[in-house]
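Q: Please read through the structure below; I'll follow up with questions.
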Protein chains: 2
Amino acid sequence: MRRHIINSTDAVISEALEGLTLAHPNLLRYNAEHGFITRAAPARDKVGLVSGGGSGHEPLHVGLVGVGMLDVAVAGAVFASPTALQVHEGTIAADSGRGVVQIVKNYTGDVLNFTIAGELAGDHDVQTEMVLVDDDLATDTSDPDAPGRRGTTATVIVEKVAGALAERGGDLRQVTTIARRTARHSRTMSLALAAGTHPGSDDPQFDLDAGEIELGVGIHGERGVRRAAFAPADELAASLVEPLVEDLGLRRGAAVLAVVNGLGGETPIELAIVTRAVHRLLADRGITVRRNLVGDYVTSLDMHGFSVTLTPADDELTDLWDAPVRTPALTW
Amino acid sequence: MRRHIINSTDAVISEALEGLTLAHPNLLRYNAEHGFITRAAPARDKVGLVSGGGSGHEPLHVGLVGVGMLDVAVAGAVFASPTALQVHEGTIAADSGRGVVQIVKNYTGDVLNFTIAGELAGDHDVQTEMVLVDDDLATDTSDPDAPGRRGTTATVIVEKVAGALAERGGDLRQVTTIARRTARHSRTMSLALAAGTHPGSDDPQFDLDAGEIELGVGIHGERGVRRAAFAPADELAASLVEPLVEDLGLRRGAAVLAVVNGLGGETPIELAIVTRAVHRLLADRGITVRRNLVGDYVTSLDMHGFSVTLTPADDELTDLWDAPVRTPALTW
């Protein structure tokens with residue numbers, strides 16, 4: 001049984017967004033009418049970046065709004081896409097005259113609603129480009145009828161890199177190009193020891209026996225590749241790193257940006273132990289971790305588990321990654 | 001049952017500290033021999049700040065090492081004080097010739113070991129001053145034989161404020177004075193819906209029925225004031241804010257620094273809803289939140305709950321709070 005610190009299930013997201021902006025008065029504003037978060041000081045004369053999706057993955061996306069990253073994040077209900085109207089209003093709000101890049105995780109509802117919003121924005125003379133993030137290797141399949149790989153933690157990398165180029169004055173085509181390239185080259189694998197629990201529910205989304213984990217789990221509790229045996233941290237990390245290295249074709253001498261992401265229910269101690277394992281696994285293969293990011297960035301409520309994301313890191317990507325950023329969840 | 005992502009119970013802290021420094025190569029170094037974390041680039045010619053204590057409260061203290069905050073954080077085993085020798089070595093490492101302030105949470109083992117370490121440092125001609133943090137209102141008592149109030153989240157405020165003054169060139173007396181004043185004026189109250197679980201154990205430290213919470217819980221799972229009824233978030237927040245306001249004697253027109261701290265197992269959504277409630281409760285009483293900090297800063301493994309800390313905020317405190325800081329957990 002897992003209880004929730006909430007007032008009512010209906011008000012969970014609106015109250016949380018109000019609280020988030022009270023926590024960061026210098027960074028964020030909340031548009032309560034349309035359910036999105038903007039920068040406290042909207043940018044002028046730059047390509048706008050809008051993202052969003054279902055809630056329950058915080059700090060993604062609402063905690064990644066700010067200078068150097070998103071202009072607007074649109075928040076749906078827990079694990080449910082925001083409406084096309086919400087996304088439309090958010091897209092218009094992100095525009096400062098040079099067009100808007102929509103960064104969208106690959107889920108049917110999100111893709112549909114961002115597409116409609118993009119068309120509506122066109123009617124308002126706002127140019128948009130959609131960038132799809134589909135990094136979840138567990139859902140890679142040759143089935144042409146499948147919906148394709150799900151979008152997950154690579155979204156943070158795409159938003160950081162595209163945000164940096166937009167801040168530097170990149171035009172709509174340039175920002176779209178770097179965002180698509182980053183998304184295309186990124187892969188993620190996740191695992192869970194315990195599922196998350198919806199606000200308003202007492203029971204986790206699925207149950208696991210003491211001896212098993214869910215390998216390749218999705219950020220909404222979707223099933224993954226298979227149930228695998230529970231094992232020490234180093235082995236769990238290897239079960240994610242090995243398929244990533246193979247799929248990306250990383251060879252000795254390669255350099256990567258690595259994200260070790262907590263899914264919500266793990267402790268900082270556990271995530272640090274996994275980080276050590278990931279660094280050692282990559283070093284053993286002659287792969288350099290050029291930059292890394294460790295923490296809870298794309299969560300699944302209180303799910304106990306973690307994901308690893310790898311993106312090959314050339315000089316351009318590294319330079320954009322290093323550019324200044326000031327958001328609630330990411331600041332340097 | 002709660003499992004742990006670790007390799008072995010013996011190696012939990014050493015592997016986590018190694019992983020933490022791999023995650024932040026530009027900020028941190030790990031002294032494996034003596035079990036402490038230092039800045040990657042040690043400061044010169046400033047008052048040193050050393051803190052530490054049992055592990056399991058991350059990011060406190062190891063994630064608060066860096067420019068504008070700590071020079072050294074000494075890490076004990078989970079919920080166990082570091083040894084006097086560890087603290088001694090950490091204290092010496094924090095010295096750059098102008099003396100060292102030891103910031104110590106009020107627990108018997110920590111106080112004892114930091115005291116011994118301070119005396120040993122004197123033998124090495126390193127001047128030290130100890131600052132005791134004892135903000136936990138739940139343990140306030142008139143019993144002269146009691147060990148006094150426990151130290152908890154105010155430690156973050158003390159470390160930030162003292163760290164800023166040390167960075168600006170304050171001398172040992174000045175840094176000690178501001179640290180002691182900040183500690184003396186800060187109070188914290190905590191509550192838990194579920195206890196944390198030790199690495200290596202499957203079972204939480206205590207059990208609660210569905211209808212109850214632990215009010216005034218300690219960060220090691222110690223009992224608090226009483227078991228109280230589970231309630232909506234706004235009421236839970238009020239049960240912490242009201243005694244704080246009363247004890248601090250905050251009147252209409254007062255201004256505070258407020259910390260809404262997650263104990264580890266709560267989601268960002270829950271913490272944001274609590275933040276909204278805290279702001280409203282203070283606004284209703286005519287108290288201004290001059291600055292606030294929201295997030296997991298002083299955790300108790302995966303305990304599900306939160307704490308609220310209030311410190312009256314004058315211009316000096318606010319100015320030191322706003323000073324630049326660059327640590328893994330706190331950067332602006």
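Just so we're on the same page: first chain in the structure tokens is A, next is B, and so on; residues restart at 1 for each chain, and ligands are numbered from 1 in the order they show up.
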Could you pull out the alpha helix (DSSP H) residues of region 9-233 of chain B from DSSP and send them as a PDB file with C-alpha atoms, in the first residue's frame?
A:
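Output contents, as saved in result-v6.pdb:
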ATOM      1  CA  VAL B  12      27.412   0.569  -0.230  1.00  0.00           C
ATOM      2  CA  ILE B  13      28.998   3.830   0.896  1.00  0.00           C
ATOM      3  CA  SER B  14      32.423   3.492  -0.723  1.00  0.00           C
ATOM      4  CA  GLU B  15      30.865   2.584  -4.088  1.00  0.00           C
ATOM      5  CA  ALA B  16      28.292   5.372  -3.809  1.00  0.00           C
ATOM      6  CA  LEU B  17      30.974   7.968  -3.043  1.00  0.00           C
ATOM      7  CA  GLU B  18      33.045   6.748  -5.977  1.00  0.00           C
ATOM      8  CA  GLY B  19      29.960   6.989  -8.197  1.00  0.00           C
ATOM      9  CA  LEU B  20      29.132  10.472  -6.936  1.00  0.00           C
ATOM     10  CA  THR B  21      32.576  11.761  -7.881  1.00  0.00           C
ATOM     11  CA  LEU B  22      32.344  10.092 -11.303  1.00  0.00           C
ATOM     12  CA  ALA B  23      29.038  11.927 -11.788  1.00  0.00           C
ATOM     13  CA  ALA B  84      36.923  10.611  15.040  1.00  0.00           C
ATOM     14  CA  LEU B  85      39.918   9.742  12.855  1.00  0.00           C
ATOM     15  CA  GLN B  86      37.889  10.220   9.668  1.00  0.00           C
ATOM     16  CA  VAL B  87      36.618  13.569  10.903  1.00  0.00           C
ATOM     17  CA  HIS B  88      40.136  14.560  11.962  1.00  0.00           C
ATOM     18  CA  GLU B  89      41.514  13.850   8.491  1.00  0.00           C
ATOM     19  CA  GLY B  90      38.593  15.695   6.906  1.00  0.00           C
ATOM     20  CA  THR B  91      39.097  18.687   9.194  1.00  0.00           C
ATOM     21  CA  ILE B  92      42.785  18.904   8.322  1.00  0.00           C
ATOM     22  CA  ALA B  93      41.914  18.625   4.616  1.00  0.00           C
ATOM     23  CA  ALA B  94      39.477  21.541   4.951  1.00  0.00           C
ATOM     24  CA  THR B 108      25.719  12.110  20.412  1.00  0.00           C
ATOM     25  CA  GLY B 109      28.125  10.213  18.163  1.00  0.00           C
ATOM     26  CA  ASP B 110      28.669  13.094  15.752  1.00  0.00           C
ATOM     27  CA  VAL B 111      29.237  15.615  18.546  1.00  0.00           C
ATOM     28  CA  LEU B 112      31.713  13.294  20.253  1.00  0.00           C
ATOM     29  CA  ASN B 113      33.708  12.496  17.133  1.00  0.00           C
ATOM     30  CA  PHE B 114      33.821  16.075  15.834  1.00  0.00           C
ATOM     31  CA  THR B 115      34.914  17.237  19.304  1.00  0.00           C
ATOM     32  CA  ILE B 116      37.802  14.744  19.387  1.00  0.00           C
ATOM     33  CA  ALA B 117      38.708  15.691  15.806  1.00  0.00           C
ATOM     34  CA  GLY B 118      38.754  19.371  16.770  1.00  0.00           C
ATOM     35  CA  GLU B 119      41.124  18.655  19.645  1.00  0.00           C
ATOM     36  CA  LEU B 120      43.387  16.584  17.385  1.00  0.00           C
ATOM     37  CA  ALA B 121      43.360  19.400  14.815  1.00  0.00           C
ATOM     38  CA  GLY B 122      44.578  21.774  17.528  1.00  0.00           C
ATOM     39  CA  ASP B 123      47.605  19.516  17.961  1.00  0.00           C
ATOM     40  CA  ALA B 154      18.545  23.630   8.890  1.00  0.00           C
ATOM     41  CA  THR B 155      22.031  22.206   8.292  1.00  0.00           C
ATOM     42  CA  VAL B 156      21.590  23.053   4.609  1.00  0.00           C
ATOM     43  CA  ILE B 157      20.824  26.687   5.443  1.00  0.00           C
ATOM     44  CA  VAL B 158      23.734  26.931   7.890  1.00  0.00           C
ATOM     45  CA  GLU B 159      26.143  25.420   5.361  1.00  0.00           C
ATOM     46  CA  LYS B 160      24.932  27.749   2.602  1.00  0.00           C
ATOM     47  CA  VAL B 161      25.108  30.936   4.646  1.00  0.00           C
ATOM     48  CA  ALA B 162      28.421  30.145   6.352  1.00  0.00           C
ATOM     49  CA  GLY B 163      29.855  28.929   3.049  1.00  0.00           C
ATOM     50  CA  ALA B 164      28.993  32.221   1.371  1.00  0.00           C
ATOM     51  CA  LEU B 165      30.636  34.303   4.099  1.00  0.00           C
ATOM     52  CA  ALA B 166      33.750  32.099   4.066  1.00  0.00           C
ATOM     53  CA  GLU B 167      33.963  32.482   0.280  1.00  0.00           C
ATOM     54  CA  LEU B 172      36.864  32.223  11.638  1.00  0.00           C
ATOM     55  CA  ARG B 173      34.974  34.278  14.205  1.00  0.00           C
ATOM     56  CA  GLN B 174      32.661  35.891  11.641  1.00  0.00           C
ATOM     57  CA  VAL B 175      31.810  32.630   9.869  1.00  0.00           C
ATOM     58  CA  THR B 176      31.196  30.893  13.185  1.00  0.00           C
ATOM     59  CA  THR B 177      28.948  33.711  14.382  1.00  0.00           C
ATOM     60  CA  ILE B 178      26.678  33.735  11.322  1.00  0.00           C
ATOM     61  CA  ALA B 179      26.499  29.929  11.354  1.00  0.00           C
ATOM     62  CA  ARG B 180      25.518  29.810  15.038  1.00  0.00           C
ATOM     63  CA  ARG B 181      22.986  32.600  14.650  1.00  0.00           C
ATOM     64  CA  THR B 182      21.361  30.869  11.668  1.00  0.00           C
ATOM     65  CA  ALA B 183      21.228  27.554  13.513  1.00  0.00           C
ATOM     66  CA  ARG B 184      19.770  29.148  16.639  1.00  0.00           C
ATOM     67  CA  ALA B 233      -1.862  17.481   2.009  1.00  0.00           C
TER      68      ALA B 233
END
Q: Please provide the set of residues having any atom within 8 Å of Pro199 (chain B), restricted to only C-alpha atoms, with same-chain residues fewer than 5 positions apart removed, written as a PyMOL selection string.
A: chain B and resi 3-4+6+9+12
Q: Using 7 Å as the limit and counting only C-alpha atoms, can you tabulate each residue of chain B that touches chain A, with its shortest atom-to-atom distance in Å and the two atoms involved, as a tab-separated table?
A:
residue	atom	partner	partner_atom	distance
B:Ile5	CA	A:Ala233	CA	5.1
B:Ile6	CA	A:Ala233	CA	4.8
B:Asn7	CA	A:Pro232	CA	4.7
B:Glu15	CA	A:Ile273	CA	5.5
B:Ala16	CA	A:Ile273	CA	4.7
B:Glu18	CA	A:Arg276	CA	6.5
B:Gly19	CA	A:Arg276	CA	4.2
B:Leu20	CA	A:Ala272	CA	5.3
B:Leu22	CA	A:Arg276	CA	6.8
B:Ala23	CA	A:Val294	CA	6.2
B:Glu58	CA	A:Pro268	CA	6.1
B:Pro232	CA	A:Asn7	CA	4.6
B:Ala233	CA	A:Ile6	CA	4.8
B:Asp234	CA	A:Asn7	CA	6.6
B:Gly264	CA	A:Thr267	CA	6.9
B:Gly265	CA	A:Gly265	CA	6.1
B:Thr267	CA	A:Asp302	CA	6.1
B:Pro268	CA	A:Glu58	CA	6.2
B:Ile269	CA	A:Ala16	CA	5.4
B:Glu270	CA	A:Ile5	CA	5.4
B:Ala272	CA	A:Gly19	CA	4.6
B:Ile273	CA	A:Ala16	CA	4.7
B:Thr275	CA	A:Gly19	CA	5.2
B:Arg276	CA	A:Gly19	CA	4.2
B:Asn292	CA	A:Ala23	CA	6.3
B:Leu293	CA	A:Ala23	CA	6.7
B:Val294	CA	A:Ala23	CA	6.2
B:Leu301	CA	A:Thr267	CA	6.1
B:Asp302	CA	A:Thr267	CA	6.1
B:Thr331	CA	A:Thr331	CA	6.6
Q: Would you mind exporting N, CA and C atoms of the selected residues as a PDB file, in the first residue's frame?
A:
ATOM      1  N   ILE B   5      19.268  -1.576  -4.866  1.00  0.00           N
ATOM      2  CA  ILE B   5      20.152  -1.671  -6.025  1.00  0.00           C
ATOM      3  C   ILE B   5      21.572  -1.431  -5.521  1.00  0.00           C
ATOM      4  N   ILE B   6      22.191  -2.497  -5.031  1.00  0.00           N
ATOM      5  CA  ILE B   6      23.545  -2.416  -4.466  1.00  0.00           C
ATOM      6  C   ILE B   6      24.311  -3.666  -4.884  1.00  0.00           C
ATOM      7  N   ASN B   7      25.618  -3.658  -4.613  1.00  0.00           N
ATOM      8  CA  ASN B   7      26.406  -4.862  -4.866  1.00  0.00           C
ATOM      9  C   ASN B   7      26.591  -5.684  -3.602  1.00  0.00           C
ATOM     10  N   GLU B  15      31.235   2.588  -2.666  1.00  0.00           N
ATOM     11  CA  GLU B  15      30.865   2.584  -4.088  1.00  0.00           C
ATOM     12  C   GLU B  15      30.015   3.798  -4.446  1.00  0.00           C
ATOM     13  N   ALA B  16      29.135   4.204  -3.535  1.00  0.00           N
ATOM     14  CA  ALA B  16      28.292   5.372  -3.809  1.00  0.00           C
ATOM     15  C   ALA B  16      29.140   6.641  -3.897  1.00  0.00           C
ATOM     16  N   GLU B  18      32.299   6.818  -4.716  1.00  0.00           N
ATOM     17  CA  GLU B  18      33.045   6.748  -5.977  1.00  0.00           C
ATOM     18  C   GLU B  18      32.135   7.157  -7.146  1.00  0.00           C
ATOM     19  N   GLY B  19      30.908   6.650  -7.136  1.00  0.00           N
ATOM     20  CA  GLY B  19      29.960   6.989  -8.197  1.00  0.00           C
ATOM     21  C   GLY B  19      29.606   8.466  -8.209  1.00  0.00           C
ATOM     22  N   LEU B  20      29.456   9.043  -7.024  1.00  0.00           N
ATOM     23  CA  LEU B  20      29.132  10.472  -6.936  1.00  0.00           C
ATOM     24  C   LEU B  20      30.224  11.327  -7.565  1.00  0.00           C
ATOM     25  N   LEU B  22      32.363  10.330  -9.852  1.00  0.00           N
ATOM     26  CA  LEU B  22      32.344  10.092 -11.303  1.00  0.00           C
ATOM     27  C   LEU B  22      31.240  10.914 -11.967  1.00  0.00           C
ATOM     28  N   ALA B  23      30.141  11.117 -11.247  1.00  0.00           N
ATOM     29  CA  ALA B  23      29.038  11.927 -11.788  1.00  0.00           C
ATOM     30  C   ALA B  23      29.409  13.411 -11.844  1.00  0.00           C
ATOM     31  N   GLU B  58      21.500  11.620   1.787  1.00  0.00           N
ATOM     32  CA  GLU B  58      21.954  12.301   0.577  1.00  0.00           C
ATOM     33  C   GLU B  58      20.827  13.103  -0.081  1.00  0.00           C
ATOM     34  N   PRO B 232      -5.548  15.085   4.185  1.00  0.00           N
ATOM     35  CA  PRO B 232      -5.146  15.726   2.927  1.00  0.00           C
ATOM     36  C   PRO B 232      -3.866  16.558   3.105  1.00  0.00           C
ATOM     37  N   ALA B 233      -3.168  16.803   1.986  1.00  0.00           N
ATOM     38  CA  ALA B 233      -1.862  17.481   2.009  1.00  0.00           C
ATOM     39  C   ALA B 233      -1.911  18.811   2.746  1.00  0.00           C
ATOM     40  N   ASP B 234      -2.972  19.589   2.530  1.00  0.00           N
ATOM     41  CA  ASP B 234      -3.045  20.907   3.174  1.00  0.00           C
ATOM     42  C   ASP B 234      -3.043  20.775   4.697  1.00  0.00           C
ATOM     43  N   GLY B 264      12.673  11.528   0.771  1.00  0.00           N
ATOM     44  CA  GLY B 264      13.231  10.525  -0.124  1.00  0.00           C
ATOM     45  C   GLY B 264      12.210   9.784  -0.966  1.00  0.00           C
ATOM     46  N   GLY B 265      11.094   9.386  -0.376  1.00  0.00           N
ATOM     47  CA  GLY B 265      10.155   8.518  -1.072  1.00  0.00           C
ATOM     48  C   GLY B 265       8.977   9.220  -1.715  1.00  0.00           C
ATOM     49  N   THR B 267       7.048  11.894  -4.378  1.00  0.00           N
ATOM     50  CA  THR B 267       7.256  12.316  -5.761  1.00  0.00           C
ATOM     51  C   THR B 267       7.358  13.845  -5.823  1.00  0.00           C
ATOM     52  N   PRO B 268       7.938  14.380  -6.928  1.00  0.00           N
ATOM     53  CA  PRO B 268       7.967  15.837  -7.107  1.00  0.00           C
ATOM     54  C   PRO B 268       6.556  16.443  -7.090  1.00  0.00           C
ATOM     55  N   ILE B 269       5.568  15.704  -7.584  1.00  0.00           N
ATOM     56  CA  ILE B 269       4.184  16.180  -7.551  1.00  0.00           C
ATOM     57  C   ILE B 269       3.740  16.409  -6.112  1.00  0.00           C
ATOM     58  N   GLU B 270       3.997  15.435  -5.252  1.00  0.00           N
ATOM     59  CA  GLU B 270       3.581  15.568  -3.851  1.00  0.00           C
ATOM     60  C   GLU B 270       4.285  16.747  -3.182  1.00  0.00           C
ATOM     61  N   ALA B 272       5.460  19.417  -4.556  1.00  0.00           N
ATOM     62  CA  ALA B 272       4.956  20.684  -5.087  1.00  0.00           C
ATOM     63  C   ALA B 272       3.604  21.036  -4.467  1.00  0.00           C
ATOM     64  N   ILE B 273       2.769  20.033  -4.241  1.00  0.00           N
ATOM     65  CA  ILE B 273       1.469  20.275  -3.598  1.00  0.00           C
ATOM     66  C   ILE B 273       1.684  20.768  -2.156  1.00  0.00           C
ATOM     67  N   THR B 275       4.329  22.397  -1.151  1.00  0.00           N
ATOM     68  CA  THR B 275       4.886  23.748  -1.285  1.00  0.00           C
ATOM     69  C   THR B 275       3.775  24.777  -1.407  1.00  0.00           C
ATOM     70  N   ARG B 276       2.777  24.460  -2.250  1.00  0.00           N
ATOM     71  CA  ARG B 276       1.617  25.341  -2.389  1.00  0.00           C
ATOM     72  C   ARG B 276       0.943  25.550  -1.038  1.00  0.00           C
ATOM     73  N   ASN B 292      12.741  30.540  -0.892  1.00  0.00           N
ATOM     74  CA  ASN B 292      12.410  29.164  -0.534  1.00  0.00           C
ATOM     75  C   ASN B 292      13.227  28.168  -1.326  1.00  0.00           C
ATOM     76  N   LEU B 293      13.319  26.982  -0.779  1.00  0.00           N
ATOM     77  CA  LEU B 293      14.069  25.901  -1.402  1.00  0.00           C
ATOM     78  C   LEU B 293      13.185  24.661  -1.314  1.00  0.00           C
ATOM     79  N   VAL B 294      12.981  24.009  -2.459  1.00  0.00           N
ATOM     80  CA  VAL B 294      12.083  22.849  -2.506  1.00  0.00           C
ATOM     81  C   VAL B 294      12.802  21.684  -3.168  1.00  0.00           C
ATOM     82  N   LEU B 301      16.932   7.791   3.642  1.00  0.00           N
ATOM     83  CA  LEU B 301      16.828   6.689   2.680  1.00  0.00           C
ATOM     84  C   LEU B 301      15.594   6.903   1.804  1.00  0.00           C
ATOM     85  N   ASP B 302      14.666   5.944   1.761  1.00  0.00           N
ATOM     86  CA  ASP B 302      13.486   6.099   0.912  1.00  0.00           C
ATOM     87  C   ASP B 302      12.247   6.430   1.744  1.00  0.00           C
ATOM     88  N   THR B 331      22.975  24.722  -6.924  1.00  0.00           N
ATOM     89  CA  THR B 331      23.761  25.550  -7.842  1.00  0.00           C
ATOM     90  C   THR B 331      22.944  26.762  -8.248  1.00  0.00           C
TER      91      THR B 331
END
Q: Among the residues of region 40-118 of chain A, find those DSSP assigns to strand (DSSP E or B) from the backbone and print them as a list in words.
A: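 Matching residues, listed in order: Gly48, Leu49, Val50, Ser51, Gly52, Gly53, Gly54, Ser55, Val65, Val67, Leu70, Val72, Ala73, Val74, Ala75, Gly76, Ala77, Val78, Val100, Val101, Gln102, Ile103, Val104 and Lys105 of chain A.
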Q: Write out as a compact mmCIF listing (two decimals) with C-alpha atoms, in the first residue's frame the residues lying within 9 Å of Gly99 (chain B), counting only C-alpha atoms and excluding same-chain residues fewer than 4 positions away.
A:
# COMPACT_ATOMS: atom_id res chain seq x y z
CA LYS B 46 39.74 31.01 3.27
CA VAL B 47 38.05 29.63 6.36
CA GLY B 48 37.41 25.94 5.74
CA LEU B 49 33.99 24.32 6.23
CA ALA B 94 39.48 21.54 4.95
CA ASP B 95 42.13 23.88 6.36
CA VAL B 126 44.62 24.00 12.94
CA GLN B 127 42.12 26.25 14.71
CA THR B 128 38.56 24.90 14.76
CA GLU B 129 35.14 26.06 15.91
CA ASP B 171 37.35 35.17 9.29
CA LEU B 172 36.86 32.22 11.64
Q: Mind checking which residues fall within 8 Å of Val217 (chain B), counting only C-alpha atoms, ignoring those fewer than 5 positions away in the same chain, and posting them as number ranges by chain?
A: B: 138, 190-192, 222-225
Q: Find, counting only C-alpha atoms, the residue in A:Arg168, A:Arg98, A:Arg39, A:Arg29 that gets nearest to Leu320 (chain A).
A: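 Of A:Arg168, A:Arg98, A:Arg39, A:Arg29, the one nearest Leu320 (chain A) is A:Arg168, counting only C-alpha atoms.
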Q: Please identify all polymer residues within 7 Å of Gly54 (chain B), counting only C-alpha atoms, omitting same-chain residues fewer than 3 positions from it, and present them as a PyMOL selection string.
A: chain B and resi 75-82
Q: Rounded to one decimal place, report the CA of Gly262 (chain A)-CA of Ile219 (chain A) distance in Å.
A: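 Separation of CA of Gly262 (chain A) and CA of Ile219 (chain A): 10.9 Å.
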Q: Take CA of Gly170 (chain A) and CA of Val101 (chain A) and report the distance between them in Å, one decimal.
A: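 CA of Val101 (chain A) lies at a distance of 11.6 Å from CA of Gly170 (chain A).
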Q: Go through A:Thr152, A:Thr38, A:Thr188, A:Ser51 one by one, measure the shortest atom-to-atom distance of each to Val308 (chain A) using only C-alpha atoms, and give the residue with the smallest value.
A: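 Residue with the minimum atom-to-atom distance to Val308 (chain A): A:Thr188.
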Q: Just give me the gap between CA of Met189 (chain A) and CA of Asp207 (chain A) in Å, one decimal is fine.
A: 20.0 Å
